[in-house]
Amino acid sequence: MSRDIWDPRTYATYADERARPFMDLVSRVGAIEPEYVVDAGCGSGELTAALARRWPKATIEGFDASPAMIGKARALDTRVSFSVADVTTWRPDRPMDVVVSNAVLQWVPEHRDVLEHWMEGLAPGGWLAFQVPGNFQAPSHVAIRELCASRRWSDKLSGVVRTDPVGDPMEYADLLAPGSSHVDVWETTYMHVLQGDDPVLRWVSGTALRPIFDRLQPDERRRFESDLRELLAEAYPSRSYGTPFPFRRIFVVVQR
């Protein structure tokens, strides 16, 4: 898993919009007084701090593969322990009462194996909660894939973007239900209204474009952004009140 999937400054541009799915996810976790809570792929840590406020007696641990994100998280004034680690290899040192993963597993091709490891690492009655984007057929992702495959960019960017990196809700229910006493799986399409110039380009620059930018020189990145800007402006026309940006997400909450 890449260490540079997230850019902290760009990702934070739409912090409120990105926080809402996390809050909706965690609200369905029924743990009352957990002792050990883990945020897997915690990013810059602000949302992990919300877990500490909800469960003030718990030991809270957050980890992320991005040193830049963990550096920002450690600067927060919280009682959370943050570390750099990869979701594919991280293992808890004791049974977990709650493990939360917010918009991370779409980057992990083997994430179904990771989910099974996390289920095995739960204490009896423990909770696993995760959400992943389900918008990979949205105009924004279609535009990115088509641009990467175009004659101008295919030599450098062929194969960098995966078409369908997550499962559907039924797949996750089938995977996790056998070891669970409670299964809650749903999907939601948020209608974000983004403000400012080129808002969808700024949104995807914080996450989806990071692997692409890693392959491009600065001047190439500017040309790619210019090409993509036109496609996104056509796909997401602005209104008088902002730019509507539908975003589908898949949620899973299970109790061991």
# chains A, B, ... in the order shown; residues from 1 in each chain; ligands from 1
>>> residues_around(residues="A:Ile70", least_positions_apart="4", cutoff="9 Å", atoms="only C-alpha atoms", output="NGL selection string")
:A and (42-45 or 62-66 or 74-75 or 82-84)
>>> residues_around(residues="A:Pro139", least_positions_apart="4", cutoff="12 Å", atoms="only C-alpha atoms", output="list in words")
Asn135, Ala143, Ile144, Arg145, Glu146, Leu147, Val200, Leu201, Val204, Leu228, Leu231, Leu232, Ala233, Glu234, Ala235, Tyr236, Pro237, Phe245, Pro246 and Phe247 of chain A
>>> write_last_selection(atoms="N, CA, C and O atoms", output="mmCIF file, in the first residue's frame")
data_model
loop_
_atom_site.group_PDB
_atom_site.id
_atom_site.type_symbol
_atom_site.label_atom_id
_atom_site.label_comp_id
_atom_site.auth_asym_id
_atom_site.auth_seq_id
_atom_site.Cartn_x
_atom_site.Cartn_y
_atom_site.Cartn_z
ATOM 1 N N ASN A 135 -18.154 4.675 -5.555
ATOM 2 C CA ASN A 135 -18.420 5.586 -6.679
ATOM 3 C C ASN A 135 -17.466 5.404 -7.854
ATOM 4 O O ASN A 135 -17.218 6.339 -8.608
ATOM 5 N N ALA A 143 -13.774 9.661 -15.975
ATOM 6 C CA ALA A 143 -12.933 10.651 -16.649
ATOM 7 C C ALA A 143 -11.458 10.408 -16.376
ATOM 8 O O ALA A 143 -10.615 10.509 -17.281
ATOM 9 N N ILE A 144 -11.116 10.075 -15.131
ATOM 10 C CA ILE A 144 -9.718 9.806 -14.783
ATOM 11 C C ILE A 144 -9.207 8.581 -15.543
ATOM 12 O O ILE A 144 -8.112 8.604 -16.120
ATOM 13 N N ARG A 145 -10.000 7.505 -15.574
ATOM 14 C CA ARG A 145 -9.569 6.293 -16.278
ATOM 15 C C ARG A 145 -9.405 6.533 -17.770
ATOM 16 O O ARG A 145 -8.429 6.077 -18.388
ATOM 17 N N GLU A 146 -10.360 7.245 -18.355
ATOM 18 C CA GLU A 146 -10.280 7.501 -19.791
ATOM 19 C C GLU A 146 -9.083 8.377 -20.140
ATOM 20 O O GLU A 146 -8.417 8.157 -21.161
ATOM 21 N N LEU A 147 -8.804 9.342 -19.292
ATOM 22 C CA LEU A 147 -7.659 10.206 -19.542
ATOM 23 C C LEU A 147 -6.354 9.425 -19.416
ATOM 24 O O LEU A 147 -5.437 9.580 -20.236
ATOM 25 N N VAL A 200 -14.386 19.753 -7.872
ATOM 26 C CA VAL A 200 -14.250 18.299 -8.001
ATOM 27 C C VAL A 200 -12.794 17.925 -8.260
ATOM 28 O O VAL A 200 -12.288 16.931 -7.728
ATOM 29 N N LEU A 201 -12.096 18.735 -9.039
ATOM 30 C CA LEU A 201 -10.668 18.492 -9.246
ATOM 31 C C LEU A 201 -9.921 18.592 -7.919
ATOM 32 O O LEU A 201 -9.046 17.760 -7.630
ATOM 33 N N VAL A 204 -10.690 15.277 -5.865
ATOM 34 C CA VAL A 204 -9.982 14.067 -6.282
ATOM 35 C C VAL A 204 -8.472 14.223 -6.177
ATOM 36 O O VAL A 204 -7.745 13.219 -6.093
ATOM 37 N N LEU A 228 -7.831 17.154 -17.235
ATOM 38 C CA LEU A 228 -8.903 16.625 -16.397
ATOM 39 C C LEU A 228 -9.877 17.721 -15.991
ATOM 40 O O LEU A 228 -11.088 17.464 -15.869
ATOM 41 N N LEU A 231 -12.732 17.968 -18.416
ATOM 42 C CA LEU A 231 -13.658 16.837 -18.349
ATOM 43 C C LEU A 231 -14.559 16.924 -17.120
ATOM 44 O O LEU A 231 -15.766 16.646 -17.192
ATOM 45 N N LEU A 232 -13.985 17.300 -15.981
ATOM 46 C CA LEU A 232 -14.778 17.379 -14.749
ATOM 47 C C LEU A 232 -15.758 18.541 -14.777
ATOM 48 O O LEU A 232 -16.873 18.434 -14.253
ATOM 49 N N ALA A 233 -15.342 19.648 -15.375
ATOM 50 C CA ALA A 233 -16.251 20.794 -15.467
ATOM 51 C C ALA A 233 -17.465 20.451 -16.320
ATOM 52 O O ALA A 233 -18.587 20.908 -16.049
ATOM 53 N N GLU A 234 -17.262 19.618 -17.335
ATOM 54 C CA GLU A 234 -18.389 19.199 -18.170
ATOM 55 C C GLU A 234 -19.269 18.197 -17.436
ATOM 56 O O GLU A 234 -20.501 18.240 -17.527
ATOM 57 N N ALA A 235 -18.640 17.277 -16.684
ATOM 58 C CA ALA A 235 -19.400 16.240 -15.980
ATOM 59 C C ALA A 235 -20.141 16.781 -14.766
ATOM 60 O O ALA A 235 -21.198 16.240 -14.394
ATOM 61 N N TYR A 236 -19.595 17.813 -14.136
ATOM 62 C CA TYR A 236 -20.182 18.375 -12.914
ATOM 63 C C TYR A 236 -20.354 19.883 -13.081
ATOM 64 O O TYR A 236 -19.586 20.677 -12.528
ATOM 65 N N PRO A 237 -21.363 20.306 -13.830
ATOM 66 C CA PRO A 237 -21.560 21.746 -14.035
ATOM 67 C C PRO A 237 -21.936 22.443 -12.729
ATOM 68 O O PRO A 237 -22.673 21.895 -11.906
ATOM 69 N N PHE A 245 -22.104 17.255 -6.152
ATOM 70 C CA PHE A 245 -21.146 16.169 -6.335
ATOM 71 C C PHE A 245 -21.678 14.928 -5.638
ATOM 72 O O PHE A 245 -21.425 14.708 -4.459
ATOM 73 N N PRO A 246 -22.434 14.069 -6.350
ATOM 74 C CA PRO A 246 -22.945 12.849 -5.725
ATOM 75 C C PRO A 246 -21.790 11.901 -5.411
ATOM 76 O O PRO A 246 -20.872 11.724 -6.213
ATOM 77 N N PHE A 247 -21.857 11.265 -4.235
ATOM 78 C CA PHE A 247 -20.781 10.362 -3.814
ATOM 79 C C PHE A 247 -21.392 9.190 -3.074
ATOM 80 O O PHE A 247 -21.897 9.337 -1.968
#
>>> residues_around(residues="A:Arg221", least_positions_apart="2", cutoff="12 Å", atoms="only C-alpha atoms", output="PyMOL selection string")
chain A and resi 153+156-157+205+209-219+223-229
>>> atom_distance(atom1="atom CA of A:Arg20", atom2="atom CA of A:Asp86")
24.4 Å
>>> residues_around(residues="A:Leu115", least_positions_apart="3", cutoff="12 Å", atoms="only C-alpha atoms", output="PDB file with C-alpha atoms, in the first residue's frame")
ATOM      1  CA  ALA A  40      -7.076   1.580  10.986  1.00  0.00           C
ATOM      2  CA  VAL A  87      -3.132  -2.234   7.136  1.00  0.00           C
ATOM      3  CA  THR A  88      -1.974  -5.379   5.340  1.00  0.00           C
ATOM      4  CA  THR A  89       0.649  -6.270   7.946  1.00  0.00           C
ATOM      5  CA  TRP A  90      -0.495  -4.544  11.158  1.00  0.00           C
ATOM      6  CA  ARG A  91      -1.649  -6.856  13.922  1.00  0.00           C
ATOM      7  CA  VAL A  99     -11.831  -1.498  14.987  1.00  0.00           C
ATOM      8  CA  VAL A 100     -12.870   1.284  12.606  1.00  0.00           C
ATOM      9  CA  SER A 101     -11.626   1.868   9.070  1.00  0.00           C
ATOM     10  CA  VAL A 104      -9.015   3.123   3.368  1.00  0.00           C
ATOM     11  CA  LEU A 105      -9.661  -0.411   2.173  1.00  0.00           C
ATOM     12  CA  VAL A 108      -5.889  -2.484  -0.598  1.00  0.00           C
ATOM     13  CA  PRO A 109      -6.442  -5.218  -3.220  1.00  0.00           C
ATOM     14  CA  GLU A 110      -6.232  -7.912  -0.537  1.00  0.00           C
ATOM     15  CA  HIS A 111      -8.589  -6.098   1.834  1.00  0.00           C
ATOM     16  CA  ARG A 112     -10.948  -9.064   2.140  1.00  0.00           C
ATOM     17  CA  TRP A 118      -9.471  -8.073  11.902  1.00  0.00           C
ATOM     18  CA  MET A 119     -12.475 -10.253  12.700  1.00  0.00           C
ATOM     19  CA  GLU A 120     -10.141 -12.844  14.195  1.00  0.00           C
ATOM     20  CA  GLY A 121      -8.511 -10.092  16.268  1.00  0.00           C
ATOM     21  CA  LEU A 122     -11.770  -8.961  17.873  1.00  0.00           C
ATOM     22  CA  TRP A 127     -17.181  -4.581  16.676  1.00  0.00           C
ATOM     23  CA  LEU A 128     -15.751  -4.087  13.172  1.00  0.00           C
ATOM     24  CA  ALA A 129     -16.928  -1.021  11.241  1.00  0.00           C
ATOM     25  CA  PHE A 130     -15.693   0.199   7.882  1.00  0.00           C
ATOM     26  CA  GLN A 131     -16.810   2.250   4.928  1.00  0.00           C
ATOM     27  CA  TYR A 172     -19.290  -8.000   2.391  1.00  0.00           C
ATOM     28  CA  ALA A 173     -22.355  -9.384   4.148  1.00  0.00           C
ATOM     29  CA  LEU A 175     -17.928 -12.547   3.845  1.00  0.00           C
ATOM     30  CA  LEU A 176     -18.462 -11.359   7.412  1.00  0.00           C
ATOM     31  CA  ALA A 177     -21.848 -12.697   8.503  1.00  0.00           C
ATOM     32  CA  GLY A 179     -18.584 -15.063  12.252  1.00  0.00           C
ATOM     33  CA  VAL A 252     -20.450  -2.335   7.046  1.00  0.00           C
ATOM     34  CA  VAL A 253     -20.828  -2.785  10.812  1.00  0.00           C
ATOM     35  CA  VAL A 254     -20.579  -6.260  12.319  1.00  0.00           C
TER      36      VAL A 254
END
>>> select_by_dssp(residues="stretch 60-218 of chain A", states="strand (DSSP E)", output="PyMOL selection string")
chain A and resi 60-64+81-84+96-102+122-133+182-194
>>> select_by_dssp(residues="stretch 150-190 of chain A", states="helix (DSSP H, G or I)", output="ChimeraX atom specification")
/A:154-157,169-179
>>> write_last_selection(atoms="all heavy atoms", output="CSV table (one decimal), in the first residue's frame")
chain,number,residue,atom,x,y,z
A,154,SER,N,-1.2,7.3,-21.9
A,154,SER,CA,-1.2,5.9,-21.7
A,154,SER,C,0.2,5.3,-21.4
A,154,SER,O,0.4,4.4,-20.6
A,154,SER,CB,-1.9,5.1,-22.8
A,154,SER,OG,-1.2,5.3,-24.0
A,155,ASP,N,1.2,5.9,-22.1
A,155,ASP,CA,2.6,5.3,-21.8
A,155,ASP,C,3.0,5.5,-20.4
A,155,ASP,O,3.7,4.6,-19.9
A,155,ASP,CB,3.6,6.1,-22.7
A,155,ASP,CG,3.4,5.7,-24.2
A,155,ASP,OD1,2.8,4.7,-24.5
A,155,ASP,OD2,4.0,6.4,-25.1
A,156,LYS,N,2.6,6.5,-19.7
A,156,LYS,CA,3.0,6.8,-18.4
A,156,LYS,C,2.0,6.2,-17.3
A,156,LYS,O,2.4,5.9,-16.2
A,156,LYS,CB,3.2,8.3,-18.1
A,156,LYS,CG,4.6,8.8,-18.6
A,156,LYS,CD,4.8,10.2,-18.1
A,156,LYS,CE,6.2,10.6,-18.3
A,156,LYS,NZ,7.2,10.0,-17.4
A,157,LEU,N,0.7,6.2,-17.7
A,157,LEU,CA,-0.3,5.9,-16.7
A,157,LEU,C,-1.1,4.7,-16.9
A,157,LEU,O,-2.1,4.4,-16.2
A,157,LEU,CB,-1.2,7.2,-16.6
A,157,LEU,CG,-0.5,8.5,-16.3
A,157,LEU,CD1,-1.5,9.6,-16.3
A,157,LEU,CD2,0.1,8.4,-14.9
A,169,PRO,N,-22.4,-4.4,-1.4
A,169,PRO,CA,-22.8,-4.7,0.0
A,169,PRO,C,-23.0,-6.2,0.3
A,169,PRO,O,-22.7,-6.7,1.3
A,169,PRO,CB,-24.1,-3.9,0.1
A,169,PRO,CG,-23.9,-2.7,-0.8
A,169,PRO,CD,-23.1,-3.3,-2.0
A,170,MET,N,-23.6,-6.9,-0.7
A,170,MET,CA,-23.9,-8.3,-0.5
A,170,MET,C,-22.7,-9.1,-0.3
A,170,MET,O,-22.6,-10.0,0.5
A,170,MET,CB,-24.8,-8.9,-1.6
A,170,MET,CG,-25.2,-10.3,-1.4
A,170,MET,SD,-26.3,-10.5,0.0
A,170,MET,CE,-27.8,-9.7,-0.5
A,171,GLU,N,-21.6,-8.8,-1.1
A,171,GLU,CA,-20.4,-9.5,-0.9
A,171,GLU,C,-19.8,-9.4,0.5
A,171,GLU,O,-19.4,-10.4,1.1
A,171,GLU,CB,-19.3,-9.0,-1.9
A,171,GLU,CG,-18.0,-9.7,-1.8
A,171,GLU,CD,-16.9,-9.1,-2.7
A,171,GLU,OE1,-17.3,-8.4,-3.7
A,171,GLU,OE2,-15.8,-9.5,-2.5
A,172,TYR,N,-19.8,-8.2,1.0
A,172,TYR,CA,-19.3,-8.0,2.4
A,172,TYR,C,-20.2,-8.7,3.4
A,172,TYR,O,-19.7,-9.2,4.4
A,172,TYR,CB,-19.1,-6.5,2.7
A,172,TYR,CG,-18.0,-5.9,1.8
A,172,TYR,CD1,-18.3,-4.8,1.0
A,172,TYR,CD2,-16.7,-6.4,1.8
A,172,TYR,CE1,-17.4,-4.2,0.2
A,172,TYR,CE2,-15.8,-5.8,1.1
A,172,TYR,CZ,-16.1,-4.7,0.2
A,172,TYR,OH,-15.1,-4.1,-0.5
A,173,ALA,N,-21.5,-8.7,3.2
A,173,ALA,CA,-22.4,-9.4,4.1
A,173,ALA,C,-22.1,-10.9,4.1
A,173,ALA,O,-22.0,-11.5,5.2
A,173,ALA,CB,-23.8,-9.1,3.8
A,174,ASP,N,-21.9,-11.4,2.9
A,174,ASP,CA,-21.6,-12.9,2.8
A,174,ASP,C,-20.2,-13.2,3.4
A,174,ASP,O,-20.1,-14.3,4.0
A,174,ASP,CB,-21.6,-13.3,1.3
A,174,ASP,CG,-22.9,-13.3,0.7
A,174,ASP,OD1,-23.9,-13.4,1.5
A,174,ASP,OD2,-23.0,-13.3,-0.5
A,175,LEU,N,-19.3,-12.3,3.3
A,175,LEU,CA,-17.9,-12.5,3.8
A,175,LEU,C,-17.9,-12.5,5.4
A,175,LEU,O,-17.2,-13.4,6.0
A,175,LEU,CB,-17.0,-11.5,3.3
A,175,LEU,CG,-15.5,-11.5,3.8
A,175,LEU,CD1,-14.8,-12.8,3.3
A,175,LEU,CD2,-14.8,-10.3,3.4
A,176,LEU,N,-18.6,-11.6,6.0
A,176,LEU,CA,-18.5,-11.4,7.4
A,176,LEU,C,-19.6,-11.9,8.3
A,176,LEU,O,-19.4,-12.1,9.5
A,176,LEU,CB,-18.3,-9.9,7.7
A,176,LEU,CG,-17.1,-9.2,7.0
A,176,LEU,CD1,-17.2,-7.7,7.1
A,176,LEU,CD2,-15.8,-9.7,7.6
A,177,ALA,N,-20.7,-12.2,7.7
A,177,ALA,CA,-21.8,-12.7,8.5
A,177,ALA,C,-21.6,-14.0,9.2
A,177,ALA,O,-22.0,-14.2,10.4
A,177,ALA,CB,-23.1,-12.8,7.6
A,178,PRO,N,-20.9,-15.0,8.6
A,178,PRO,CA,-20.7,-16.3,9.3
A,178,PRO,C,-20.0,-16.2,10.7
A,178,PRO,O,-20.3,-17.0,11.6
A,178,PRO,CB,-19.8,-17.1,8.3
A,178,PRO,CG,-20.1,-16.5,7.0
A,178,PRO,CD,-20.3,-15.0,7.2
A,179,GLY,N,-19.2,-15.2,10.9
A,179,GLY,CA,-18.6,-15.1,12.3
A,179,GLY,C,-19.2,-14.0,13.1
A,179,GLY,O,-18.6,-13.6,14.1
>>> residues_around(residues="A:Gly30", least_positions_apart="2", cutoff="9 Å", atoms="only C-alpha atoms", output="JSON list (two decimals) with N, CA and C atoms, in the first residue's frame")
[["chain", "number", "residue", "atom", "x", "y", "z"],
["A", 26, "VAL", "N", -19.75, 5.29, 12.63],
["A", 26, "VAL", "CA", -19.49, 5.03, 14.04],
["A", 26, "VAL", "C", -20.78, 5.08, 14.86],
["A", 27, "SER", "N", -21.77, 5.85, 14.39],
["A", 27, "SER", "CA", -23.03, 5.93, 15.13],
["A", 27, "SER", "C", -23.75, 4.59, 15.20],
["A", 28, "ARG", "N", -23.40, 3.65, 14.31],
["A", 28, "ARG", "CA", -24.07, 2.35, 14.29],
["A", 28, "ARG", "C", -23.28, 1.29, 15.07],
["A", 32, "ILE", "N", -20.44, -0.11, 24.30],
["A", 32, "ILE", "CA", -20.78, 0.81, 25.39],
["A", 32, "ILE", "C", -19.52, 1.32, 26.08],
["A", 127, "TRP", "N", -16.54, -5.18, 17.85],
["A", 127, "TRP", "CA", -17.18, -4.58, 16.68],
["A", 127, "TRP", "C", -16.16, -4.23, 15.61],
["A", 255, "GLN", "N", -20.74, -7.28, 14.50],
["A", 255, "GLN", "CA", -20.32, -7.63, 15.84],
["A", 255, "GLN", "C", -19.95, -9.10, 15.90]]
>>> residues_around(residues="A:Ile60", least_positions_apart="5", cutoff="10 Å", atoms="only C-alpha atoms", output="PDB file with C-alpha atoms, in the first residue's frame")
ATOM      1  CA  PRO A  34     -14.810  -0.723  25.085  1.00  0.00           C
ATOM      2  CA  GLU A  35     -11.307  -1.065  26.495  1.00  0.00           C
ATOM      3  CA  TYR A  36      -9.309  -1.061  23.254  1.00  0.00           C
ATOM      4  CA  VAL A  37     -10.350   0.865  20.121  1.00  0.00           C
ATOM      5  CA  VAL A  38      -8.356   1.005  16.867  1.00  0.00           C
ATOM      6  CA  ASP A  39      -8.674   3.406  13.934  1.00  0.00           C
ATOM      7  CA  THR A  48      -9.755   9.386  15.674  1.00  0.00           C
ATOM      8  CA  ALA A  49     -10.010  12.058  18.346  1.00  0.00           C
ATOM      9  CA  LEU A  51     -13.497   8.140  19.077  1.00  0.00           C
ATOM     10  CA  ALA A  52     -11.626   9.242  22.193  1.00  0.00           C
ATOM     11  CA  TRP A  55     -15.214   6.383  24.643  1.00  0.00           C
ATOM     12  CA  THR A  78      -5.219  14.226  22.093  1.00  0.00           C
ATOM     13  CA  ARG A  79      -4.607  11.158  24.250  1.00  0.00           C
ATOM     14  CA  VAL A  80      -4.582   8.922  21.174  1.00  0.00           C
ATOM     15  CA  SER A  81      -1.488   6.873  20.326  1.00  0.00           C
ATOM     16  CA  PHE A  82      -0.559   7.243  16.633  1.00  0.00           C
ATOM     17  CA  VAL A  98     -13.708  -1.892  18.263  1.00  0.00           C
ATOM     18  CA  VAL A  99     -11.831  -1.498  14.987  1.00  0.00           C
TER      19      VAL A  99
END
>>> closest_residue(among="A:Val132, A:Ala149, A:Ala19, A:Met96", to="A:Asp168", atoms="only C-alpha atoms")
A:Val132
>>> closest_residue(among="A:Lys72, A:His141, A:Arg248, A:Arg239", to="A:Leu194", atoms="only C-alpha atoms")
A:Arg239
>>> decode(residues="stretch 110-135 of chain A", atoms="N, CA, C and O atoms", output="PDB file, in the first residue's frame")
ATOM      1  N   GLU A 110      -5.993  -6.739  -1.370  1.00  0.00           N
ATOM      2  CA  GLU A 110      -6.232  -7.912  -0.537  1.00  0.00           C
ATOM      3  C   GLU A 110      -7.053  -7.577   0.706  1.00  0.00           C
ATOM      4  O   GLU A 110      -6.945  -8.248   1.739  1.00  0.00           O
ATOM      5  N   HIS A 111      -7.923  -6.562   0.615  1.00  0.00           N
ATOM      6  CA  HIS A 111      -8.589  -6.098   1.834  1.00  0.00           C
ATOM      7  C   HIS A 111      -9.588  -7.111   2.386  1.00  0.00           C
ATOM      8  O   HIS A 111      -9.913  -7.061   3.574  1.00  0.00           O
ATOM      9  N   ARG A 112     -10.053  -8.037   1.593  1.00  0.00           N
ATOM     10  CA  ARG A 112     -10.948  -9.064   2.140  1.00  0.00           C
ATOM     11  C   ARG A 112     -10.203  -9.948   3.133  1.00  0.00           C
ATOM     12  O   ARG A 112     -10.754 -10.341   4.168  1.00  0.00           O
ATOM     13  N   ASP A 113      -8.944 -10.260   2.831  1.00  0.00           N
ATOM     14  CA  ASP A 113      -8.120 -10.996   3.796  1.00  0.00           C
ATOM     15  C   ASP A 113      -7.883 -10.166   5.050  1.00  0.00           C
ATOM     16  O   ASP A 113      -7.881 -10.694   6.174  1.00  0.00           O
ATOM     17  N   VAL A 114      -7.663  -8.864   4.870  1.00  0.00           N
ATOM     18  CA  VAL A 114      -7.454  -7.971   6.008  1.00  0.00           C
ATOM     19  C   VAL A 114      -8.683  -7.981   6.913  1.00  0.00           C
ATOM     20  O   VAL A 114      -8.576  -8.056   8.150  1.00  0.00           O
ATOM     21  N   LEU A 115      -9.865  -7.919   6.332  1.00  0.00           N
ATOM     22  CA  LEU A 115     -11.097  -7.935   7.127  1.00  0.00           C
ATOM     23  C   LEU A 115     -11.214  -9.212   7.945  1.00  0.00           C
ATOM     24  O   LEU A 115     -11.629  -9.179   9.108  1.00  0.00           O
ATOM     25  N   GLU A 116     -10.840 -10.328   7.355  1.00  0.00           N
ATOM     26  CA  GLU A 116     -10.905 -11.593   8.100  1.00  0.00           C
ATOM     27  C   GLU A 116      -9.905 -11.607   9.249  1.00  0.00           C
ATOM     28  O   GLU A 116     -10.209 -12.106  10.341  1.00  0.00           O
ATOM     29  N   HIS A 117      -8.721 -11.036   9.023  1.00  0.00           N
ATOM     30  CA  HIS A 117      -7.740 -10.931  10.113  1.00  0.00           C
ATOM     31  C   HIS A 117      -8.290 -10.050  11.249  1.00  0.00           C
ATOM     32  O   HIS A 117      -8.119 -10.377  12.432  1.00  0.00           O
ATOM     33  N   TRP A 118      -8.925  -8.958  10.871  1.00  0.00           N
ATOM     34  CA  TRP A 118      -9.471  -8.073  11.902  1.00  0.00           C
ATOM     35  C   TRP A 118     -10.580  -8.765  12.679  1.00  0.00           C
ATOM     36  O   TRP A 118     -10.684  -8.601  13.902  1.00  0.00           O
ATOM     37  N   MET A 119     -11.418  -9.513  11.999  1.00  0.00           N
ATOM     38  CA  MET A 119     -12.475 -10.253  12.700  1.00  0.00           C
ATOM     39  C   MET A 119     -11.867 -11.230  13.698  1.00  0.00           C
ATOM     40  O   MET A 119     -12.340 -11.352  14.831  1.00  0.00           O
ATOM     41  N   GLU A 120     -10.807 -11.904  13.291  1.00  0.00           N
ATOM     42  CA  GLU A 120     -10.141 -12.844  14.195  1.00  0.00           C
ATOM     43  C   GLU A 120      -9.513 -12.130  15.382  1.00  0.00           C
ATOM     44  O   GLU A 120      -9.372 -12.721  16.465  1.00  0.00           O
ATOM     45  N   GLY A 121      -9.145 -10.853  15.197  1.00  0.00           N
ATOM     46  CA  GLY A 121      -8.511 -10.092  16.268  1.00  0.00           C
ATOM     47  C   GLY A 121      -9.476  -9.420  17.212  1.00  0.00           C
ATOM     48  O   GLY A 121      -9.042  -8.770  18.179  1.00  0.00           O
ATOM     49  N   LEU A 122     -10.780  -9.565  16.983  1.00  0.00           N
ATOM     50  CA  LEU A 122     -11.770  -8.961  17.873  1.00  0.00           C
ATOM     51  C   LEU A 122     -11.958  -9.790  19.139  1.00  0.00           C
ATOM     52  O   LEU A 122     -11.921 -11.022  19.105  1.00  0.00           O
ATOM     53  N   ALA A 123     -12.176  -9.086  20.233  1.00  0.00           N
ATOM     54  CA  ALA A 123     -12.617  -9.757  21.449  1.00  0.00           C
ATOM     55  C   ALA A 123     -14.043 -10.266  21.245  1.00  0.00           C
ATOM     56  O   ALA A 123     -14.774  -9.761  20.385  1.00  0.00           O
ATOM     57  N   PRO A 124     -14.471 -11.271  22.009  1.00  0.00           N
ATOM     58  CA  PRO A 124     -15.866 -11.697  21.913  1.00  0.00           C
ATOM     59  C   PRO A 124     -16.801 -10.506  22.134  1.00  0.00           C
ATOM     60  O   PRO A 124     -16.635  -9.735  23.088  1.00  0.00           O
ATOM     61  N   GLY A 125     -17.742 -10.338  21.233  1.00  0.00           N
ATOM     62  CA  GLY A 125     -18.644  -9.193  21.305  1.00  0.00           C
ATOM     63  C   GLY A 125     -18.068  -7.929  20.709  1.00  0.00           C
ATOM     64  O   GLY A 125     -18.734  -6.879  20.733  1.00  0.00           O
ATOM     65  N   GLY A 126     -16.845  -7.989  20.163  1.00  0.00           N
ATOM     66  CA  GLY A 126     -16.213  -6.815  19.580  1.00  0.00           C
ATOM     67  C   GLY A 126     -16.844  -6.406  18.256  1.00  0.00           C
ATOM     68  O   GLY A 126     -17.564  -7.186  17.616  1.00  0.00           O
ATOM     69  N   TRP A 127     -16.538  -5.176  17.849  1.00  0.00           N
ATOM     70  CA  TRP A 127     -17.181  -4.581  16.676  1.00  0.00           C
ATOM     71  C   TRP A 127     -16.157  -4.233  15.608  1.00  0.00           C
ATOM     72  O   TRP A 127     -15.094  -3.673  15.904  1.00  0.00           O
ATOM     73  N   LEU A 128     -16.499  -4.526  14.342  1.00  0.00           N
ATOM     74  CA  LEU A 128     -15.751  -4.087  13.172  1.00  0.00           C
ATOM     75  C   LEU A 128     -16.645  -3.174  12.351  1.00  0.00           C
ATOM     76  O   LEU A 128     -17.788  -3.541  12.029  1.00  0.00           O
ATOM     77  N   ALA A 129     -16.138  -1.981  12.018  1.00  0.00           N
ATOM     78  CA  ALA A 129     -16.928  -1.021  11.241  1.00  0.00           C
ATOM     79  C   ALA A 129     -16.027  -0.396  10.182  1.00  0.00           C
ATOM     80  O   ALA A 129     -14.947   0.107  10.496  1.00  0.00           O
ATOM     81  N   PHE A 130     -16.474  -0.448   8.932  1.00  0.00           N
ATOM     82  CA  PHE A 130     -15.693   0.199   7.882  1.00  0.00           C
ATOM     83  C   PHE A 130     -16.626   0.753   6.810  1.00  0.00           C
ATOM     84  O   PHE A 130     -17.768   0.319   6.657  1.00  0.00           O
ATOM     85  N   GLN A 131     -16.109   1.759   6.099  1.00  0.00           N
ATOM     86  CA  GLN A 131     -16.810   2.250   4.928  1.00  0.00           C
ATOM     87  C   GLN A 131     -15.801   2.481   3.817  1.00  0.00           C
ATOM     88  O   GLN A 131     -14.648   2.832   4.063  1.00  0.00           O
ATOM     89  N   VAL A 132     -16.263   2.243   2.589  1.00  0.00           N
ATOM     90  CA  VAL A 132     -15.433   2.454   1.405  1.00  0.00           C
ATOM     91  C   VAL A 132     -16.242   3.209   0.363  1.00  0.00           C
ATOM     92  O   VAL A 132     -17.468   3.066   0.297  1.00  0.00           O
ATOM     93  N   PRO A 133     -15.587   3.999  -0.473  1.00  0.00           N
ATOM     94  CA  PRO A 133     -16.314   4.627  -1.580  1.00  0.00           C
ATOM     95  C   PRO A 133     -16.880   3.567  -2.514  1.00  0.00           C
ATOM     96  O   PRO A 133     -16.239   2.552  -2.793  1.00  0.00           O
ATOM     97  N   GLY A 134     -18.089   3.824  -2.988  1.00  0.00           N
ATOM     98  CA  GLY A 134     -18.702   2.946  -3.972  1.00  0.00           C
ATOM     99  C   GLY A 134     -18.983   3.684  -5.268  1.00  0.00           C
ATOM    100  O   GLY A 134     -19.929   3.356  -5.985  1.00  0.00           O
ATOM    101  N   ASN A 135     -18.154   4.675  -5.555  1.00  0.00           N
ATOM    102  CA  ASN A 135     -18.420   5.586  -6.679  1.00  0.00           C
ATOM    103  C   ASN A 135     -17.466   5.404  -7.854  1.00  0.00           C
ATOM    104  O   ASN A 135     -17.218   6.339  -8.608  1.00  0.00           O
TER     105      ASN A 135
END
